[in-house]
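Okay, input_24.cif now, which holds mmCIF, C-alpha atoms and all ligand atoms:
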```
data_work
#
loop_
_atom_site.label_atom_id
_atom_site.label_comp_id
_atom_site.auth_asym_id
_atom_site.auth_seq_id
_atom_site.Cartn_x
_atom_site.Cartn_y
_atom_site.Cartn_z
CA MET A 276 0.00 0.00 0.00
CA ASN A 277 1.46 3.39 -1.02
CA SER A 278 1.27 6.22 1.46
CA PRO A 279 -1.90 8.21 0.83
CA ILE A 280 -2.15 11.67 -0.69
CA ILE A 281 -3.36 13.94 2.11
CA ALA A 282 -5.53 16.91 1.20
CA PRO A 283 -6.58 18.97 4.25
CA SER A 284 -9.80 20.89 3.63
CA ILE A 285 -9.42 24.64 4.11
CA LEU A 286 -13.15 24.82 4.95
CA ALA A 287 -12.20 23.94 8.52
CA ALA A 288 -9.44 26.59 8.72
CA ASP A 289 -9.73 29.87 10.60
CA PHE A 290 -10.97 32.22 7.84
CA ALA A 291 -9.72 35.25 9.77
CA ASN A 292 -6.23 33.74 9.67
CA LEU A 293 -6.18 32.07 6.28
CA GLN A 294 -2.62 33.04 5.42
CA ARG A 295 -1.38 31.59 8.72
CA ASP A 296 -3.26 28.32 8.11
CA VAL A 297 -2.06 28.03 4.50
CA GLU A 298 1.51 28.57 5.69
CA MET A 299 1.00 25.85 8.29
CA LEU A 300 -0.05 23.48 5.47
CA ASN A 301 3.01 24.53 3.45
CA GLU A 302 5.21 23.40 6.35
CA SER A 303 3.29 20.14 6.86
CA GLN A 304 3.33 16.87 4.98
CA ALA A 305 0.05 17.74 3.27
CA ASP A 306 0.22 16.97 -0.46
CA TRP A 307 -2.66 19.11 -1.70
CA ILE A 308 -4.94 21.80 -0.29
CA HIS A 309 -8.62 20.94 -0.70
CA ILE A 310 -10.81 23.96 -1.53
CA ASP A 311 -14.58 23.58 -1.04
CA ILE A 312 -16.65 25.92 -3.19
CA MET A 313 -20.37 25.98 -2.26
CA ASP A 314 -23.00 28.08 -4.02
CA GLY A 315 -26.00 27.77 -1.70
CA VAL A 316 -27.97 26.16 -4.57
CA PHE A 317 -26.36 22.81 -5.31
CA VAL A 318 -25.71 22.48 -1.58
CA PRO A 319 -27.51 24.19 1.30
CA ASN A 320 -24.51 26.30 2.31
CA ILE A 321 -22.30 29.07 0.91
CA SER A 322 -18.57 28.86 1.59
CA PHE A 323 -16.43 31.26 -0.44
CA GLY A 324 -15.60 31.89 -4.07
CA LEU A 325 -12.98 32.93 -6.59
CA PRO A 326 -11.25 35.83 -4.78
CA VAL A 327 -10.61 33.65 -1.74
CA CYS A 328 -9.30 30.80 -3.89
CA ASP A 329 -7.00 33.30 -5.57
CA ALA A 330 -5.80 34.61 -2.21
CA ILE A 331 -5.05 31.08 -0.98
CA ASN A 332 -3.13 30.46 -4.18
CA GLU A 333 -0.93 33.52 -3.47
CA HIS A 334 0.46 31.80 -0.38
CA ALA A 335 0.07 28.08 -1.12
CA LYS A 336 3.09 26.01 -2.07
CA LYS A 337 0.96 22.90 -2.65
CA PRO A 338 -1.43 22.13 -5.51
CA LEU A 339 -5.00 23.36 -5.03
CA ASP A 340 -7.60 20.59 -5.20
CA VAL A 341 -10.79 22.49 -6.02
CA HIS A 342 -14.12 20.79 -5.24
CA LEU A 343 -16.98 22.62 -6.95
CA MET A 344 -20.27 22.07 -5.14
CA ILE A 345 -22.07 24.39 -7.54
CA GLU A 346 -24.70 24.29 -10.27
CA LYS A 347 -23.44 24.76 -13.82
CA PRO A 348 -19.77 24.24 -12.93
CA GLU A 349 -18.84 24.39 -16.63
CA LYS A 350 -19.34 28.16 -16.48
CA TYR A 351 -16.53 28.65 -13.97
CA LEU A 352 -13.79 26.21 -15.03
CA LYS A 353 -11.47 28.80 -16.56
CA ALA A 354 -11.99 31.19 -13.68
CA PHE A 355 -10.93 28.53 -11.17
CA ARG A 356 -7.98 27.52 -13.31
CA ASP A 357 -6.90 31.17 -13.29
CA ALA A 358 -7.41 31.26 -9.52
CA GLY A 359 -4.80 28.51 -9.19
CA ALA A 360 -6.66 25.19 -9.36
CA ALA A 361 -4.51 22.17 -10.22
CA ASN A 362 -7.42 19.73 -9.90
CA ILE A 363 -11.03 20.66 -10.60
CA SER A 364 -13.77 18.31 -9.43
CA VAL A 365 -17.32 18.83 -10.62
CA HIS A 366 -20.32 16.98 -9.25
CA TYR A 367 -21.79 14.20 -11.38
CA GLU A 368 -25.23 15.39 -10.22
CA ALA A 369 -24.58 18.94 -11.48
CA CYS A 370 -23.44 18.09 -15.01
CA ASP A 371 -25.70 17.53 -18.01
CA HIS A 372 -22.71 17.04 -20.28
CA LEU A 373 -20.13 15.48 -18.00
CA HIS A 374 -17.94 14.10 -20.80
CA ARG A 375 -17.61 17.52 -22.41
CA THR A 376 -16.88 19.19 -19.07
CA LEU A 377 -14.12 16.67 -18.28
CA GLN A 378 -12.49 17.33 -21.63
CA GLU A 379 -12.64 21.05 -21.03
CA ILE A 380 -10.90 20.66 -17.67
CA ARG A 381 -8.13 18.55 -19.19
CA SER A 382 -7.72 20.94 -22.11
CA MET A 383 -6.80 23.66 -19.60
CA ASP A 384 -4.04 21.43 -18.20
CA CYS A 385 -5.90 20.77 -14.99
CA ARG A 386 -6.66 17.33 -13.65
CA ALA A 387 -10.32 16.39 -14.10
CA GLY A 388 -12.27 15.15 -11.09
CA VAL A 389 -15.84 13.95 -10.61
CA ALA A 390 -17.43 14.08 -7.17
CA ILE A 391 -20.38 11.82 -6.39
CA ASN A 392 -22.96 12.22 -3.66
CA PRO A 393 -23.60 9.36 -1.23
CA HIS A 394 -26.70 8.24 -3.21
CA THR A 395 -24.92 8.12 -6.57
CA ASN A 396 -23.88 4.66 -7.72
CA VAL A 397 -20.27 4.33 -8.87
CA GLN A 398 -21.42 2.24 -11.87
CA LEU A 399 -22.65 5.51 -13.43
CA LEU A 400 -19.01 6.47 -14.00
CA GLU A 401 -18.18 3.39 -16.04
CA ASP A 402 -18.54 5.11 -19.42
CA THR A 403 -16.36 8.08 -18.52
CA ILE A 404 -13.81 6.45 -16.22
CA CYS A 405 -10.91 6.86 -18.70
CA ASP A 406 -11.67 10.59 -18.89
CA ILE A 407 -11.52 11.05 -15.12
CA ASP A 408 -8.26 11.68 -13.25
CA LEU A 409 -9.87 11.44 -9.85
CA VAL A 410 -13.22 10.40 -8.42
CA CYS A 411 -14.15 12.15 -5.20
CA ILE A 412 -16.46 9.81 -3.31
CA MET A 413 -18.47 11.89 -0.86
CA SER A 414 -18.58 10.08 2.46
CA VAL A 415 -21.00 12.70 3.88
CA ASN A 416 -23.73 14.73 2.20
CA PRO A 417 -21.89 17.73 0.76
CA GLY A 418 -22.45 21.16 2.26
CA PHE A 419 -20.84 21.11 5.69
CA GLY A 420 -17.68 20.08 7.45
CA GLY A 421 -17.68 18.06 10.64
CA GLN A 422 -20.30 15.46 9.69
CA LYS A 423 -20.34 11.77 10.46
CA PHE A 424 -18.69 9.38 7.99
CA ILE A 425 -21.13 7.17 6.03
CA GLU A 426 -20.11 3.51 6.36
CA ASN A 427 -21.42 2.48 2.92
CA THR A 428 -18.39 4.32 1.48
CA TYR A 429 -16.08 1.30 1.84
CA LYS A 430 -18.27 -0.72 -0.53
CA LYS A 431 -18.26 2.11 -3.07
CA VAL A 432 -14.46 2.31 -2.97
CA ARG A 433 -14.13 -1.42 -3.66
CA GLN A 434 -16.65 -1.29 -6.52
CA LEU A 435 -14.98 1.74 -8.09
CA LYS A 436 -11.56 0.13 -7.79
CA GLU A 437 -12.89 -2.79 -9.87
CA ILE A 438 -14.30 -0.50 -12.55
CA ILE A 439 -10.96 1.30 -12.79
CA ALA A 440 -9.05 -1.97 -13.14
CA GLU A 441 -11.47 -3.48 -15.69
CA ASN A 442 -11.07 -0.39 -17.90
CA ASN A 443 -7.29 -0.09 -17.46
CA ALA A 444 -7.88 3.45 -16.23
CA HIS A 445 -5.48 5.43 -14.03
CA THR A 446 -8.15 7.18 -12.00
CA GLN A 447 -7.36 7.98 -8.37
CA ILE A 448 -9.96 7.57 -5.64
CA GLU A 449 -10.45 10.43 -3.18
CA ILE A 450 -12.57 10.24 -0.04
CA ASP A 451 -14.20 13.39 1.27
CA GLY A 452 -16.11 13.82 4.52
CA GLY A 453 -15.71 12.61 8.08
CA VAL A 454 -12.28 11.13 7.44
CA ASN A 455 -10.26 10.44 10.59
CA ILE A 456 -7.51 8.17 11.89
CA HIS A 457 -10.04 5.40 12.65
CA ASN A 458 -11.61 5.03 9.19
CA ALA A 459 -8.53 6.01 7.13
CA PRO A 460 -6.70 2.63 7.31
CA LYS A 461 -9.84 0.78 6.19
CA LEU A 462 -10.37 3.26 3.34
CA LEU A 463 -6.83 2.76 2.09
CA GLU A 464 -7.21 -0.99 2.37
CA ALA A 465 -10.37 -0.76 0.22
CA GLY A 466 -8.42 1.13 -2.46
CA ALA A 467 -8.55 4.86 -1.67
CA ASP A 468 -5.59 6.97 -2.84
CA ILE A 469 -6.43 10.44 -1.52
CA LEU A 470 -7.84 11.43 1.86
CA VAL A 471 -9.51 14.81 2.41
CA ALA A 472 -9.71 15.81 6.07
CA GLY A 473 -11.13 19.05 7.42
CA SER A 474 -12.16 19.02 11.07
CA PHE A 475 -9.93 16.09 11.96
CA VAL A 476 -6.88 18.16 10.97
CA PHE A 477 -7.85 21.72 11.87
CA LYS A 478 -9.67 21.00 15.13
CA SER A 479 -6.83 18.86 16.44
CA VAL A 480 -4.35 20.12 19.03
CA ASP A 481 -1.45 19.91 16.57
CA PRO A 482 -2.56 19.93 12.90
CA ILE A 483 0.99 19.32 11.62
CA ASP A 484 1.22 16.17 13.75
CA THR A 485 -2.25 15.04 12.69
CA ILE A 486 -1.34 15.39 9.00
CA GLN A 487 1.83 13.41 9.65
CA GLU A 488 -0.22 10.74 11.41
CA LEU A 489 -2.55 10.37 8.39
CA LYS A 490 0.37 10.45 5.96
CA SER A 491 2.17 7.62 7.69
CA ILE A 492 -0.70 5.12 7.77
C1 LIG B 1 -18.17 18.74 2.55
C2 LIG B 1 -16.84 19.13 1.96
C3 LIG B 1 -15.68 18.46 2.62
C4 LIG B 1 -15.47 18.93 4.05
C5 LIG B 1 -14.74 17.87 4.82
O1 LIG B 1 -19.18 19.31 1.80
O2 LIG B 1 -16.78 18.78 0.59
O3 LIG B 1 -14.48 18.65 1.87
O4 LIG B 1 -14.74 20.14 4.10
O5 LIG B 1 -14.74 18.22 6.16
P1 LIG B 1 -14.68 17.13 7.32
O6 LIG B 1 -13.37 16.40 7.16
O7 LIG B 1 -14.75 17.97 8.56
O8 LIG B 1 -15.85 16.21 7.14
ZN ZN B 2 -14.75 18.75 -0.41
#
```
I need this file expressed as structure tokens, please.
Ligand code: DX5
Ligand code: ZN
Amino acid sequence: MNSPIIAPSILAADFANLQRDVEMLNESQADWIHIDIMDGVFVPNISFGLPVCDAINEHAKKPLDVHLMIEKPEKYLKAFRDAGAANISVHYEACDHLHRTLQEIRSMDCRAGVAINPHTNVQLLEDTICDIDLVCIMSVNPGFGGQKFIENTYKKVRQLKEIIAENNAHTQIEIDGGVNIHNAPKLLEAGADILVAGSFVFKSVDPIDTIQELKSI
């Protein structure tokens, strides 16, 4: 088992001290910085938008992993690329023309991600799997940090892993929501490659240590 890619979610950071928290992540073993964009329509919450993503990018020394929880994400791909996104994940449930959107993301030299809600079956990705660089399996209902991990996620990871292998794809599997040191080993064992962690990192006594702990599983 390779060591996982760790992507702390900035949603759980102290927004009044964003620069400080981004610099902390720069010093840590975090691989990516996960950026949650919520529009109050696709999900029942509003987080922050382009100017904040841009400001994070000014200080970040790690790739920005942008998770768009918005309607009509295809309208904002270029804007998020310009705001520093290395990965752009759109929601399966928000895309009428997913295949086209994935190609657009790749054509901008970003990595193309698809996020799926807890009720969305991984089989629905079978026809696009070779066009997807990462699948973000939501292990909570998107919209808020600090929620309880949904146990059905392990099964989804195993099923998706099979689809990836059957299609000789190189897609990575990311888990987002309620990730902690107790469920992380089981997620990696099931086939996850990337762990997003918000509250578990930022609400811990020593976030740098916590990131190290996740990294060394
Ligand atoms: C949920 C977001 C997650 C969230 C994770 O809508 O997509 O990325 O920030 O936070 P925790 O780890 O606290 O569940
Ligand atoms: Zn997220």
| request: Kindly work out which residues sit at most 9 Å from ligand ZN 2 (chain B), using all atoms listed in the file, and give the list as a list in words. | output: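 Listed by chain and ascending number, the contacts are Ser284, Leu286, His309, Ile310, Asp311, Ile312, Asp340, Val341, His342, Leu343, Met344, Ala390, Cys411, Met413, Pro417, Gly418, Phe419, Gly420, Ile450, Asp451, Gly452, Val471, Ala472 and Gly473 of chain A.
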| field | Two-atom distance - atom CA of Asn455 of chain A, atom CA of Ile439 of chain A (Å) | value |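 Computed distance, atom CA of Asn455 of chain A to atom CA of Ile439 of chain A, equals 25.1 Å.
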| note | If you count all atoms listed in the file, the residue of A:Asn332, A:Asn416, A:Asn277, A:Asn392 closest to Asn320 of chain A turns out to be A:Asn416
| task | Find the residues around Asp402 of chain A up to 12 Å (only C-alpha atoms counted), leave out those fewer than 3 positions away in its own chain, and share them as a list in words. | result | Leu373, His374, Val397, Gln398, Leu399, Cys405, Asp406, Ile407, Ile438, Ile439, Glu441, Asn442 and Ala444 of chain A
| field | Minimum-distance residue to ligand LIG 1 (chain B), chosen among A:Asp357, A:Glu333, A:Asp314, A:Glu302 (using only C-alpha atoms and all ligand atoms) | value |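 Among the listed residues, the smallest separation from ligand LIG 1 (chain B) belongs to A:Asp314.
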| Residue nearest Lys478 of chain A among A:Cys370, A:Leu400, A:Gly421, A:Gln294 (counting all atoms listed in the file) |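 Looking at the shortest contact to Lys478 of chain A, the residue is A:Gly421.
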| field | Given only C-alpha atoms and all ligand atoms as the counted atoms, nearest of A:Val415, A:Ile331, A:Leu352, A:Ala369 to ligand LIG 1 (chain B) | value |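 Among the listed residues, the smallest separation from ligand LIG 1 (chain B) belongs to A:Val415.
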| said: One decimal, in Å: what's the spacing between atom CA of Ile486 of chain A and atom CA of Pro283 of chain A? | reply: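 Between these atoms lies a distance of 7.9 Å.
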| Counting only C-alpha atoms, which of A:Gly359, A:Val476, A:Pro482, A:Lys490 gets nearest to Ala287 of chain A? |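 Closest candidate: A:Val476.
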| field | Residue with smallest distance to ligand LIG 1 (chain B) - pool A:Met383, A:Ile285, A:Val480, A:Ile469, counting all atoms listed in the file | value |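 The answer is A:Ile285, which sits nearest to ligand LIG 1 (chain B).
Between atom CA of Lys350 of chain A and atom CA of Asp371 of chain A there is a distance of 12.5 Å.
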Extending 6 Å beyond the listed atoms of ligand LIG 1 (chain B) on each side, what axis-aligned box results? I want centre and edge lengths in Å to one decimal, as lines of an AutoDock Vina configuration file.
```
center_x = -16.3
center_y = 18.2
center_z = 4.6
size_x = 17.8
size_y = 15.9
size_z = 20.0
```
| request: Step by step: start from the point (-13.3, 3.7, -5.4) in the file's coordinates, keep every protein, DNA or RNA residue that has an atom no farther than 6 Å from it, count only C-alpha atoms, and write the set as a PyMOL selection string. | output: chain A and resi 431-433+435-436+448
Around the point (-3.3, 0.1, 2.4) in the file's coordinates, collect all residues with an atom within 7 Å, using all atoms listed in the file, and return them as a PDB file with C-alpha atoms, keeping the file's coordinate frame.
```pdb
ATOM      1  CA  MET A 276       0.000   0.000   0.000  1.00  0.00           C
ATOM      2  CA  ASN A 277       1.460   3.390  -1.020  1.00  0.00           C
ATOM      3  CA  PRO A 460      -6.700   2.630   7.310  1.00  0.00           C
ATOM      4  CA  LEU A 463      -6.830   2.760   2.090  1.00  0.00           C
ATOM      5  CA  GLU A 464      -7.210  -0.990   2.370  1.00  0.00           C
TER       6      GLU A 464
END
```
| query | If you count all atoms listed in the file, which residues fall within 12 Å of Met299 of chain A, apart from same-chain ones fewer than 2 positions away, as a count of residues only? | reply | 27
